[in-house]
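Visitor: Below you'll find the structure I mean.
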Amino acid sequence: MFQNYLKTAIRSILREKYYALIKMFGLALGLGTSMVIFLYVAHELSYDNFHPDIDRMYCVTQTNIWDPEGGIFNSTGPAVAFSLSSDLPEIEEILRVNTPGEQVIRYTKSNGNVVAINENIVLAADSNFFSFFDFKLREGDAASALLGTGKVVLSDKAAERLFGNEPALGKMIQMGDSRITVEVTGVTELQPTNSHFHFDYLISMPTNPAMKEYEWSWIFTQVVTYVKLKPKTDVTALQAKLKNFPDKHALPTFQKLHMDYDAFKKERGGWNMYLHPVKDIHLLSAEIGNRLGPNGNIMYVYVFSVVGFFILLIAIINFINLSTARGTKRAKEVGVKKTLGVLRKSLILQFQIEHVLMAIVSMLFGLGIMEILRLIIQPIIGVQISFSAVNIPTIAVLLIVTPLVVGFLAGLYPAFYLTSFKPSEVLKGKLLSGLKSSKFRNSLVIFQFTISIVLMVITLVVFQQLQFFQSKSIGFDKENLLIIDYADKLENQLESFREEVSRIPGVIDASLSMDIRGRA
């Protein structure tokens, strides 16, 4: 029985193949566009979900002691971790990550040539980094890779830049202006794109010369402190314990610095600590910040979700309208079949199978469109959108269910509408006026064009805003200005260097600055 329905549906599609192609291409374009948007949304919502214990992982935040007005930020003193570990038995594991900043990396090859690369994605971490976070190593032992002084783990890309195709494990490199010699003890696999931080060089914490283990305050070194709670821990009760937690431990540091702790607290309205879920760092940390990487924005997720939904809705409505637009021809077919005794439910099923079949084909075309759009969009937004953001079973279910649901919804109105007429009215040609005066169909057309116009207006406004940002005067003439990076490495010779540069023919003037003007 189903085989007959399928054959009839294929014959009907082939009989009006050009018209069916237009319908399927319109639906495929809507599906492809909405799918790439939803894939981006899924990627944003999936940040850090690859860690097995993500629901028990938190970042320790505190009152923004840098700002007299308070607020919250996500850095602590190095010794805070030890205090938390000794005072709070609810904590299963603690990890600290520090940001040493840009480093010049030097490697001497076997032929004596020196490779020097400036790297800016450099972190320092405690030895339990790879047991806390689920970053995989393709070379080295995760348990001992950061154990002790003089150890560094490279990303796969950094290893390739430095050593090419040679094995990296065991090689010695020099880091920073002081040229600290460190041993490569590991190389990571390709790091997941949906992580709130990435690194090219991860040095062991004792290797970091800026690290002051004894400091409880923020004066010398700041670290990001992560905690993994024991299963079934009452987070609310633990949060209460962290209120005024610094009172017990920070006083000795303030006494050493000859600062009045009570006056300091009063100025900032208190000094508290908090637990912020790691899974919320990417999208829900706009006010707290992310010391180790860029933040996302939950508003983008909301906006793109709505836009993707309306694009898909427009495509479905367009599919329905195109189906009913040829209603006169299909209605005669329905009238003849009804006259021959075909039941209405059989005709409805026939229409549904036909539309589901077209939706399946549209989905296949839509996947191709999605992949093309994905490759175009990725370099523009700087985000690697991939199916890895969604687990494979979910993808399989979506690819199967989506065309079935879309086909069912798209064929619902044409199926019931075209099979509702009496055969006598259809065969007498009374259906045409009915199709033209269909209030539901006219409403769909109005809704479709309204949403389309709204989306176009929003796009135009955003485009004009971008044009404004690009053309707005920034307060100085940026043409013919050159910036010499890393000139600060000259230290005492910096002023002499400036004078020498100013004497170069064609140079009008040369100046020194601590930062680049206009850079955020």
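Ligands are numbered from 1 in the order shown, residues from 1 within each chain, and chains are lettered A, B, ... in the order they appear in the structure tokens.
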Please identify all polymer residues within 10 Å of Thr108 (chain A), counting only C-alpha atoms, omitting same-chain residues fewer than 4 positions from it, and present them as a list in words.
Guide: Gly112, Asn113, Val114, Val115, Ala116, Lys171, Met172, Ile173 and Gln174 of chain A
Visitor: Go ahead and write the residues just picked, C-alpha atoms, as a PDB file, in the first residue's frame.
Guide:
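Result written to out15.pdb:
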```pdb
ATOM      1  CA  GLY A 112      72.587  25.311  14.677  1.00  0.00           C
ATOM      2  CA  ASN A 113      69.866  27.514  13.204  1.00  0.00           C
ATOM      3  CA  VAL A 114      67.655  29.240  15.780  1.00  0.00           C
ATOM      4  CA  VAL A 115      63.900  29.443  15.299  1.00  0.00           C
ATOM      5  CA  ALA A 116      62.368  32.400  17.204  1.00  0.00           C
ATOM      6  CA  LYS A 171      62.941  18.771  22.947  1.00  0.00           C
ATOM      7  CA  MET A 172      64.343  21.767  24.848  1.00  0.00           C
ATOM      8  CA  ILE A 173      63.188  25.311  24.077  1.00  0.00           C
ATOM      9  CA  GLN A 174      63.814  28.733  25.605  1.00  0.00           C
TER      10      GLN A 174
END
```
Visitor: Looking only at helix (DSSP H, G or I) from DSSP on the backbone, list the matching residues of region 74-172 of chain A as a list of chain:residue names.
Guide: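 Here are the helix (DSSP H, G or I) residues of region 74-172 of chain A: A:Val80, A:Ala81, A:Phe82, A:Ser83, A:Leu84, A:Ser85, A:Ser86, A:Asp87, A:Phe129, A:Phe130, A:Ser131, A:Phe132, A:Asp156, A:Lys157, A:Ala158, A:Ala159, A:Glu160, A:Arg161, A:Leu162, A:Phe163.
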Visitor: Mind writing the picked residues with C-alpha atoms as an mmCIF file, in the first residue's frame?
Guide:
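Okay, this is what ended up in again.cif:
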```cif
data_model
loop_
_atom_site.group_PDB
_atom_site.id
_atom_site.type_symbol
_atom_site.label_atom_id
_atom_site.label_comp_id
_atom_site.auth_asym_id
_atom_site.auth_seq_id
_atom_site.Cartn_x
_atom_site.Cartn_y
_atom_site.Cartn_z
ATOM 1 C CA VAL A 80 43.524 31.434 47.852
ATOM 2 C CA ALA A 81 43.468 27.878 46.479
ATOM 3 C CA PHE A 82 45.314 26.529 49.523
ATOM 4 C CA SER A 83 42.920 28.274 51.908
ATOM 5 C CA LEU A 84 39.887 26.895 50.076
ATOM 6 C CA SER A 85 41.344 23.389 50.045
ATOM 7 C CA SER A 86 42.071 23.377 53.787
ATOM 8 C CA ASP A 87 38.805 25.003 54.915
ATOM 9 C CA PHE A 129 45.505 20.403 34.816
ATOM 10 C CA PHE A 130 44.867 17.345 32.631
ATOM 11 C CA SER A 131 42.967 15.477 35.329
ATOM 12 C CA PHE A 132 40.794 18.506 35.988
ATOM 13 C CA ASP A 156 49.416 20.541 18.081
ATOM 14 C CA LYS A 157 49.570 23.746 16.041
ATOM 15 C CA ALA A 158 52.382 25.255 18.127
ATOM 16 C CA ALA A 159 54.399 22.027 17.856
ATOM 17 C CA GLU A 160 54.006 22.106 14.094
ATOM 18 C CA ARG A 161 55.078 25.756 13.889
ATOM 19 C CA LEU A 162 58.157 25.114 15.988
ATOM 20 C CA PHE A 163 59.295 21.639 14.959
#
```
Visitor: Using only C-alpha atoms, can you tell me which of A:Ile453, A:Leu357, A:Leu481, A:Ala210 comes closest to Asp509 (chain A)?
Guide: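 Nearest to Asp509 (chain A): A:Leu481.
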Visitor: Taking the chain letters and numbering used in this document, name the residues of region 273-486 of chain A that DSSP puts in strand (DSSP E), as JSON, numbers by chain.
Guide: {"A": [273, 274, 275, 276, 277]}
Visitor: Which of these residues is nearest to Val41 (chain A), using only C-alpha atoms: A:Phe365, A:Tyr300, A:Phe310, A:Phe468?
Guide: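 Selected residue with least distance to Val41 (chain A): A:Tyr300.
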Visitor: Report, in Å with one decimal, the straight-line distance from CA of Asp67 (chain A) to CA of Gly270 (chain A).
Guide: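 Straight-line distance from CA of Asp67 (chain A) to CA of Gly270 (chain A) works out to 12.0 Å.
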Visitor: Got a sec: who's within 6 Å of region 396-408 of chain A, counting only C-alpha atoms, leaving out chain neighbours fewer than 4 positions off, as a PDB file with N, CA, C and O atoms, in the first residue's frame?
Guide:
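Saved result, around14.pdb, follows:
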```pdb
ATOM      1  N   GLN A 352       0.393  14.049   2.025  1.00  0.00           N
ATOM      2  CA  GLN A 352       1.408  14.103   3.071  1.00  0.00           C
ATOM      3  C   GLN A 352       2.685  13.393   2.643  1.00  0.00           C
ATOM      4  O   GLN A 352       3.799  13.889   2.861  1.00  0.00           O
ATOM      5  N   HIS A 355       4.584  15.558   0.149  1.00  0.00           N
ATOM      6  CA  HIS A 355       5.282  16.702   0.724  1.00  0.00           C
ATOM      7  C   HIS A 355       6.453  16.258   1.604  1.00  0.00           C
ATOM      8  O   HIS A 355       7.488  16.936   1.649  1.00  0.00           O
ATOM      9  N   VAL A 356       6.297  15.149   2.304  1.00  0.00           N
ATOM     10  CA  VAL A 356       7.413  14.639   3.109  1.00  0.00           C
ATOM     11  C   VAL A 356       8.567  14.223   2.202  1.00  0.00           C
ATOM     12  O   VAL A 356       9.742  14.470   2.509  1.00  0.00           O
ATOM     13  N   ALA A 359      10.279  17.250   1.127  1.00  0.00           N
ATOM     14  CA  ALA A 359      11.021  17.810   2.258  1.00  0.00           C
ATOM     15  C   ALA A 359      12.326  17.052   2.496  1.00  0.00           C
ATOM     16  O   ALA A 359      13.351  17.652   2.852  1.00  0.00           O
ATOM     17  N   ILE A 360      12.304  15.739   2.307  1.00  0.00           N
ATOM     18  CA  ILE A 360      13.516  14.933   2.458  1.00  0.00           C
ATOM     19  C   ILE A 360      14.555  15.327   1.414  1.00  0.00           C
ATOM     20  O   ILE A 360      15.744  15.508   1.722  1.00  0.00           O
ATOM     21  N   LEU A 412       0.135  19.769   5.432  1.00  0.00           N
ATOM     22  CA  LEU A 412      -1.093  19.676   6.227  1.00  0.00           C
ATOM     23  C   LEU A 412      -2.228  20.506   5.621  1.00  0.00           C
ATOM     24  O   LEU A 412      -3.333  19.995   5.382  1.00  0.00           O
TER      25      LEU A 412
END
```
Visitor: So how many Å separate CA of Ile372 (chain A) and CA of Lys23 (chain A), to one decimal?
Guide: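 Computing the Euclidean distance for CA of Ile372 (chain A) and CA of Lys23 (chain A) yields 20.3 Å.
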Visitor: Can you tell me how far CA of Ile22 (chain A) sits from CA of Tyr413 (chain A), in Å to one decimal?
Guide: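 So the answer is 19.0 Å.
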